[in-house]
Structures are given as structure tokens and as C-alpha cells.
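Asks: Can you keep this structure in mind? I'll have questions shortly.
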There are 2 protein chains.
Amino acid sequence: MSRRPDVDSERHAQRMAHKQRIMNERIAAADKEQGVLLVLTGPGKGKSSSGFGMMARALGHGMQVGVVQFIKGAFSTGEEAFFRNLPGVDYHVMGEGYTWDTQDRERDVDAAAAAWEEARRMLVDPEYALVLLDELNIALHQGYLELDQVLDDLQARPAMQHVVVTGRYAPEALIEMADTVTEMKVVKHAFKEQGVKAQKGVEL
Amino acid sequence: MSRRPDVDSERHAQRMAHKQRIMNERIAAADKEQGVLLVLTGPGKGKSSSGFGMMARALGHGMQVGVVQFIKGAFSTGEEAFFRNLPGVDYHVMGEGYTWDTQDRERDVDAAAAAWEEARRMLVDPEYALVLLDELNIALHQGYLELDQVLDDLQARPAMQHVVVTGRYAPEALIEMADTVTEMKVVKHAFKEQGVKAQKGVEL
């Protein structure tokens with residue numbers, strides 16, 4: 001979690017005031033149904049898996065869900081194969097062949113912007129009961145998306161829509177805005193500490 | 001994570017020696033394929049969801065999976081509805097109507113033992129590429145299952161089988177045996193801290 005200097009402080013104050021009003025309404029009517037913003041961050045294993053599990057849970061309730069994956073890589077192949085063609089799932093992966101390692105920053109920024117347009121399309125449509133923004137935190141951390149724009153779009157979403165944001169390095173302003181935040185801590189990691197190959201099915 | 005006095009120290013030493021041998025073999029052949037034991041613990045949100053996401057990932061790779069849920073409750077309805085009847089999924093929920101709140105400890109112990117028999121059936125069958133033991137840590141923490149027996153059965157499983165164990169209060173001996181352990185930390189929880197009702201789709 002990093003403090004980002006590029007957050008506009010006036011917009012931040014407006015968002016916080018907005019959140020304050022929402023919180024007061026919540027306290028006044030604590031059993032009101034509403035969409036929640038969940039952030040899954042930290043270095044431990046299980047952030048994206050957890051997001052996909054929540055997606056399965058929503059599908060189990062007959063809800064329609066949307067996914068935008070902000071990193072295309074080996075780690076997503078299993079979920080993508082499983083969820084991509086299910087009814088009720090709208091699945092987008094940021095530009096094929098795109099990697100964060102590329103030397104071409106402009107291309108990265110363009111790919112991230114296009115992916116955010118897909119996300120925004122979902123974030124204005126109440127038909128999507130849950131939107132999973134997988135690894136969005138990384139795109140924000142890299143500075144490929146404008147944090148203020150992302151926060152404004154998240155805040156403006158339909159009242160009943162749930163959003164799950166995953167990835168290390170969740171920006172502090174996103175954590176402040178979120179309803180529920182879990183930080184995943186590494187206690188042990190076979191792959192990293194013990195020289196064990198990443199295993200298909202659980203890690204890939 | 002608690003230190004449990006009921007772990008037999010000789011069996012513990014044997015298991016640790018066994019693990020040491022395995023670790024040495026791993027170091028000698030770090031790219032060897034093998035099943036991994038993952039533990040998802042801690043108070044934060046996302047442990048079971050993460051287990052179910054890993055299950056989806058394994059299904060996406062065409063693997064066969066097994067699930068035993070050691071707590072039957074509202075928190076499982078979404079996943080159960082979604083996964084229960086999928087091809088490739090063998091899904092068991094511990095005794096209907098069973099709760100950890102019951103005053104009848106003997107009935108709890110019997111229900112847990114029956115659930116463990118389902119788990120053990122999967123843990124001896126290499127056809128199951130991944131076995132999810134959802135909330136097993138709670139059953140262990142409550143002392144409804146014998147920890148040594150559980151650890152022995154986990155250790156004796158097929159070499160290529162992945163196991164994911166979820167739940168707060170993972171016993172220390174299980175953490176020692178595991179390959180990968182993530183502890184989920186609460187940064188914020190809307191439901192608990194802010195008086196917001198638990199929301200269907202993400203929390204139920």
C-alpha cells in the first residue's frame with residue numbers, strides 16, 4: 001500500500017465527504033442492502049483466487065458478473081478457461097500479448113486505458129451484480145491509469161453493484177474508499193522459498 | 001494459530017523427518033511436479049473464496065476436484081449452488097442441520113468424523129487432482145477431529161494431489177507441514193465495523 005502523490009486533494013475531500021454521508025446513512029439503516037467495494041491486497045497468495053471464488057458465489061446466486069483482468073499471463077489461464085464461456089459471465093482480458101515488462105510504456109498505457117473502458121462499461125450498468133477488477137492495483141501502482149478517474153468511476157457505480165479489486169500495492173485512497181479490505185500475508189510460499197515449481201491447478 | 005498440546009511428539013518428529021527428506025528431494029530436483037498443500041488462515045475475508053477460486057482454476061485445467069465443507073451455513077450457499085452439480089466436482093457438506101453451536105458435542109464429533117471419512121476417501125484417490133477442505137481448521141480448533149490422524153492422512157495422499165485447507169486458527173503442526181501458507185489480515189470489514197448487512201453474492 002503506497003501513498004500516491006498524484007491524488008487530487010479536492011476530489012479526495014469530495015469523495016470522503018460523499019463516503020461520510022453514505023456511512024451515516026448506513027448507520028441509520030444498518031440492514032439496508034447495498035453494493036460493497038472489496039479490496040484484496042498484500043503479497044500473500046490467494047488474492048485473485050478469492051476474487052474468482054466470489055464470482056462463483058455470485059453466479060451461484062444467479063447474478064450476472066463481469067471480469068476485467070488487468071494482467072494477461074500464465075496465472076490466469078485456469079480461471080479464464082473455466083469462467084470465460086459460462087452463461088452470466090462477461091470476461092475481458094487486457095490486450096493480448098501485453099505484458100508489464102515491455103519497454104514500450106505508451107503501449108502499456110493504451111492497453112490499460114482500453115481495459116478501463118471495458119470496466120467502466122460494466123460500472124455504469126446495474127445488470128452487472130458483481131464486477132471483478134483483477135490486478136487493477138498493479139495497473140494503478142504502475143501509474144498506467146489515473147487513480148482519480150478510477151476512484152470516481154467506482155464511486156459513481158450503481159448502488160447495488162459489488163466490486164472486487166485485487167492485486168498488491170492497493171493505493172491508500174482506494175483502501176479508504178473500500179468497504180472491506182483484506183491484506184494477504186505470506187507465512188510460507190513453496191514456490192519462492194523452497195524451490196518448488198509453480199504447480200498447474202493451484203498456482204497457474 | 002494455536003499450539004495444540006494433543007500432538008504426539010514422536011509422530012510429529014517422524015512427520016518432520018519425512019518432510020525434511022521431501023524438502024531435500026525438492027532442492028535436488030526443483031522443477032519436479034508435485035502436489036502442494038496450501039493453508040489459507042487468519043481472520044480476514046477471502047479464505048474460502050480463495051479455495052473455491054483455486055477449485056475453479058483446477059476445473060479450468062480439466063482436473064477433477066473434491067470438496068468437503070466442514071461448516072454448513074449461510075456462507076456456503078452460493079458456492080454450493082454453483083459448484084455442486086458441475087462435472088468434475090465431488091461435493092460434500094458435513095451433516096445437514098449440523099452447527100458448531102449445538103450443545104451436543106458427541107453429535108458434533110460424529111458429524112466431523114463422518115465428514116473426515118469423505119475427505120479421506122478423496123485423499124487416497126489420485127483421480128482427485130485437488131481436494132478443498134473448507135473450514136477444516138475450525139473442526140481441528142474445536143477438537144472435533146484428531147489432529148495427528150488428519151496430518152497423517154494428508155501426508156499419505158497421492159504425490160501429485162493438491163490440497164487446500166481453509167479456516168481461521170490453523171494448527172501450528174499443519175502450518176509446519178504445509179508448502180504454502182497465507183494469513184488473511186483484516187484491514188477493514190464493512191460488515192463488522194460499519195454496521196453494514198452481509199451482502200448476498202460477495203459475503204453469503
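Naming works like this for the C-alpha cells: A, B, ... for the chains as they're shown, residue 1 at the start of each chain, ligands 1 onward in shown order.
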Can you pull out the residues contacting range 128-131 of chain B? Cut-off 7 Å, using only C-alpha atoms, and skip same-chain residues under 4 positions away; I want them as a PyMOL selection string.

Replies: chain B and resi 63-67+122+161-164

Asks: I'd like the neighbourhood of Leu145 in chain A as a PyMOL selection string, where a residue qualifies if any of its atoms comes within 10 Å (using only C-alpha atoms), though same-chain residues fewer than 4 positions away should be ignored.

Replies: chain A and resi 108-113+115-116+136-141+149-150

Asks: Just want the 8 Å neighbourhood of range 50-58 of chain B, counted on only C-alpha atoms, with same-chain residues fewer than 6 positions away dropped. Output as a VMD selection string.

Replies: (chain A and resid 46 to 54 56 77 to 79 82 to 83 200 to 204) or (chain B and resid 40 64 to 65 79 129 to 130 132 134 164 to 166)

Asks: CA of His189 in chain A and CA of Ala178 in chain B are how many Å apart?

Replies: 9.1 Å

Asks: Between A:Glu117, A:Asp8, A:Asp152, A:Glu80, which has the minimum distance to chain B (counting only C-alpha atoms)?

Replies: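 Residue with the minimum atom-to-atom distance to chain B: A:Glu80.
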
Asks: Please identify which residues in range 29-147 of chain B DSSP calls helix (DSSP H, G or I) from the backbone, and express them as JSON, numbers by chain.

Replies: {"B": [47, 48, 49, 50, 51, 52, 53, 54, 55, 56, 57, 58, 59, 60, 74, 75, 76, 77, 78, 79, 80, 81, 82, 83, 105, 106, 107, 108, 109, 110, 111, 112, 113, 114, 115, 116, 117, 118, 119, 120, 121, 122, 123, 136, 137, 138, 139, 140, 141, 147]}

Asks: Report, in Å to a single decimal, how far apart CA of Tyr91 in chain B and CA of Pro126 in chain B are.

Replies: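 Computing the Euclidean distance for CA of Pro126 in chain B and CA of Tyr91 in chain B yields 16.5 Å.
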
Asks: Just give me the gap between CA of Phe70 in chain A and CA of Arg84 in chain A in Å, one decimal is fine.

Replies: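 Computed distance, CA of Phe70 in chain A to CA of Arg84 in chain A, equals 15.2 Å.
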
Asks: Compile the contact shell of Val187 in chain A as a PDB file with N, CA, C and O atoms, in the first residue's frame: residues with an atom at most 12 Å away, counting only C-alpha atoms, same-chain residues fewer than 5 positions apart removed.

Replies:
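Final file, out.pdb:
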ATOM      1  N   GLY A  42      -1.954  -7.105  -0.654  1.00  0.00           N
ATOM      2  CA  GLY A  42      -0.875  -7.727   0.114  1.00  0.00           C
ATOM      3  C   GLY A  42      -0.132  -8.748  -0.729  1.00  0.00           C
ATOM      4  O   GLY A  42      -0.575  -9.125  -1.812  1.00  0.00           O
ATOM      5  N   PRO A  43       1.026  -9.222  -0.231  1.00  0.00           N
ATOM      6  CA  PRO A  43       1.892 -10.099  -1.011  1.00  0.00           C
ATOM      7  C   PRO A  43       1.500 -11.578  -0.993  1.00  0.00           C
ATOM      8  O   PRO A  43       2.008 -12.352  -1.795  1.00  0.00           O
ATOM      9  N   GLY A  44       0.607 -11.980  -0.090  1.00  0.00           N
ATOM     10  CA  GLY A  44       0.293 -13.407   0.051  1.00  0.00           C
ATOM     11  C   GLY A  44      -0.499 -13.966  -1.115  1.00  0.00           C
ATOM     12  O   GLY A  44      -1.123 -13.225  -1.880  1.00  0.00           O
ATOM     13  N   LYS A  45      -0.491 -15.269  -1.220  1.00  0.00           N
ATOM     14  CA  LYS A  45      -1.187 -15.986  -2.275  1.00  0.00           C
ATOM     15  C   LYS A  45      -2.688 -16.005  -2.011  1.00  0.00           C
ATOM     16  O   LYS A  45      -3.109 -16.116  -0.873  1.00  0.00           O
ATOM     17  N   LYS A 192       8.409 -19.857  -3.819  1.00  0.00           N
ATOM     18  CA  LYS A 192       9.511 -18.916  -3.656  1.00  0.00           C
ATOM     19  C   LYS A 192      10.587 -19.383  -2.702  1.00  0.00           C
ATOM     20  O   LYS A 192      11.760 -19.201  -2.940  1.00  0.00           O
ATOM     21  N   GLU A 193      10.146 -19.966  -1.563  1.00  0.00           N
ATOM     22  CA  GLU A 193      11.122 -20.245  -0.513  1.00  0.00           C
ATOM     23  C   GLU A 193      11.774 -21.606  -0.654  1.00  0.00           C
ATOM     24  O   GLU A 193      12.851 -21.836  -0.161  1.00  0.00           O
TER      25      GLU A 193
ATOM     26  N   MET B   1      -3.661 -19.104  14.992  1.00  0.00           N
ATOM     27  CA  MET B   1      -2.774 -20.267  15.026  1.00  0.00           C
ATOM     28  C   MET B   1      -2.435 -20.594  16.467  1.00  0.00           C
ATOM     29  O   MET B   1      -1.929 -19.759  17.182  1.00  0.00           O
ATOM     30  N   LEU B  38      -1.736 -26.303   0.568  1.00  0.00           N
ATOM     31  CA  LEU B  38      -1.911 -24.871   0.820  1.00  0.00           C
ATOM     32  C   LEU B  38      -2.820 -24.670   2.008  1.00  0.00           C
ATOM     33  O   LEU B  38      -3.863 -25.323   2.102  1.00  0.00           O
ATOM     34  N   VAL B  39      -2.451 -23.745   2.871  1.00  0.00           N
ATOM     35  CA  VAL B  39      -3.293 -23.392   4.014  1.00  0.00           C
ATOM     36  C   VAL B  39      -3.640 -21.912   3.923  1.00  0.00           C
ATOM     37  O   VAL B  39      -2.758 -21.068   3.744  1.00  0.00           O
ATOM     38  N   LEU B  40      -4.934 -21.616   4.013  1.00  0.00           N
ATOM     39  CA  LEU B  40      -5.427 -20.230   3.998  1.00  0.00           C
ATOM     40  C   LEU B  40      -6.077 -19.968   5.343  1.00  0.00           C
ATOM     41  O   LEU B  40      -7.112 -20.564   5.654  1.00  0.00           O
ATOM     42  N   THR B  41      -5.453 -19.116   6.135  1.00  0.00           N
ATOM     43  CA  THR B  41      -5.918 -18.934   7.508  1.00  0.00           C
ATOM     44  C   THR B  41      -5.945 -17.447   7.879  1.00  0.00           C
ATOM     45  O   THR B  41      -5.782 -16.591   7.015  1.00  0.00           O
ATOM     46  N   GLY B  42      -6.186 -17.155   9.139  1.00  0.00           N
ATOM     47  CA  GLY B  42      -6.246 -15.763   9.598  1.00  0.00           C
ATOM     48  C   GLY B  42      -7.675 -15.258   9.615  1.00  0.00           C
ATOM     49  O   GLY B  42      -8.575 -15.892   9.079  1.00  0.00           O
ATOM     50  N   ALA B 170      -5.498 -22.088  12.028  1.00  0.00           N
ATOM     51  CA  ALA B 170      -4.773 -23.262  11.538  1.00  0.00           C
ATOM     52  C   ALA B 170      -3.808 -23.737  12.611  1.00  0.00           C
ATOM     53  O   ALA B 170      -3.039 -22.936  13.151  1.00  0.00           O
ATOM     54  N   GLU B 172      -0.556 -25.138  14.402  1.00  0.00           N
ATOM     55  CA  GLU B 172       0.842 -24.908  14.044  1.00  0.00           C
ATOM     56  C   GLU B 172       1.463 -26.103  13.313  1.00  0.00           C
ATOM     57  O   GLU B 172       2.239 -25.932  12.380  1.00  0.00           O
ATOM     58  N   ILE B 175       0.584 -25.931   9.738  1.00  0.00           N
ATOM     59  CA  ILE B 175       1.369 -24.875   9.078  1.00  0.00           C
ATOM     60  C   ILE B 175       2.781 -25.363   8.785  1.00  0.00           C
ATOM     61  O   ILE B 175       3.322 -25.124   7.714  1.00  0.00           O
ATOM     62  N   GLU B 176       3.352 -26.103   9.746  1.00  0.00           N
ATOM     63  CA  GLU B 176       4.699 -26.652   9.523  1.00  0.00           C
ATOM     64  C   GLU B 176       4.713 -27.609   8.346  1.00  0.00           C
ATOM     65  O   GLU B 176       5.638 -27.629   7.550  1.00  0.00           O
ATOM     66  N   ALA B 178       2.625 -27.673   5.788  1.00  0.00           N
ATOM     67  CA  ALA B 178       2.160 -27.082   4.527  1.00  0.00           C
ATOM     68  C   ALA B 178       3.302 -26.572   3.661  1.00  0.00           C
ATOM     69  O   ALA B 178       4.384 -26.252   4.157  1.00  0.00           O
ATOM     70  N   ASP B 179       3.056 -26.495   2.364  1.00  0.00           N
ATOM     71  CA  ASP B 179       4.019 -25.919   1.440  1.00  0.00           C
ATOM     72  C   ASP B 179       3.847 -24.408   1.342  1.00  0.00           C
ATOM     73  O   ASP B 179       4.814 -23.667   1.249  1.00  0.00           O
ATOM     74  N   THR B 180       2.601 -23.970   1.310  1.00  0.00           N
ATOM     75  CA  THR B 180       2.301 -22.545   1.159  1.00  0.00           C
ATOM     76  C   THR B 180       1.222 -22.163   2.161  1.00  0.00           C
ATOM     77  O   THR B 180       0.214 -22.867   2.290  1.00  0.00           O
ATOM     78  N   VAL B 181       1.451 -21.091   2.889  1.00  0.00           N
ATOM     79  CA  VAL B 181       0.502 -20.636   3.900  1.00  0.00           C
ATOM     80  C   VAL B 181       0.273 -19.138   3.717  1.00  0.00           C
ATOM     81  O   VAL B 181       1.226 -18.365   3.667  1.00  0.00           O
ATOM     82  N   THR B 182      -0.983 -18.757   3.604  1.00  0.00           N
ATOM     83  CA  THR B 182      -1.330 -17.334   3.573  1.00  0.00           C
ATOM     84  C   THR B 182      -2.197 -17.020   4.779  1.00  0.00           C
ATOM     85  O   THR B 182      -3.138 -17.759   5.085  1.00  0.00           O
ATOM     86  N   GLU B 183      -1.847 -15.935   5.459  1.00  0.00           N
ATOM     87  CA  GLU B 183      -2.664 -15.481   6.574  1.00  0.00           C
ATOM     88  C   GLU B 183      -3.415 -14.233   6.129  1.00  0.00           C
ATOM     89  O   GLU B 183      -2.812 -13.271   5.653  1.00  0.00           O
ATOM     90  N   MET B 184      -4.720 -14.249   6.255  1.00  0.00           N
ATOM     91  CA  MET B 184      -5.517 -13.123   5.783  1.00  0.00           C
ATOM     92  C   MET B 184      -5.851 -12.203   6.946  1.00  0.00           C
ATOM     93  O   MET B 184      -6.431 -12.623   7.938  1.00  0.00           O
ATOM     94  N   LYS B 185      -5.421 -10.982   6.775  1.00  0.00           N
ATOM     95  CA  LYS B 185      -5.483  -9.978   7.817  1.00  0.00           C
ATOM     96  C   LYS B 185      -6.622  -9.009   7.495  1.00  0.00           C
ATOM     97  O   LYS B 185      -6.794  -8.614   6.344  1.00  0.00           O
TER      98      LYS B 185
END

Asks: Between A:Ala114, A:His12, A:Leu37, A:Gln155, which has the minimum distance to Lys188 in chain B (counting only C-alpha atoms)?

Replies: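 Nearest to Lys188 in chain B: A:Leu37.
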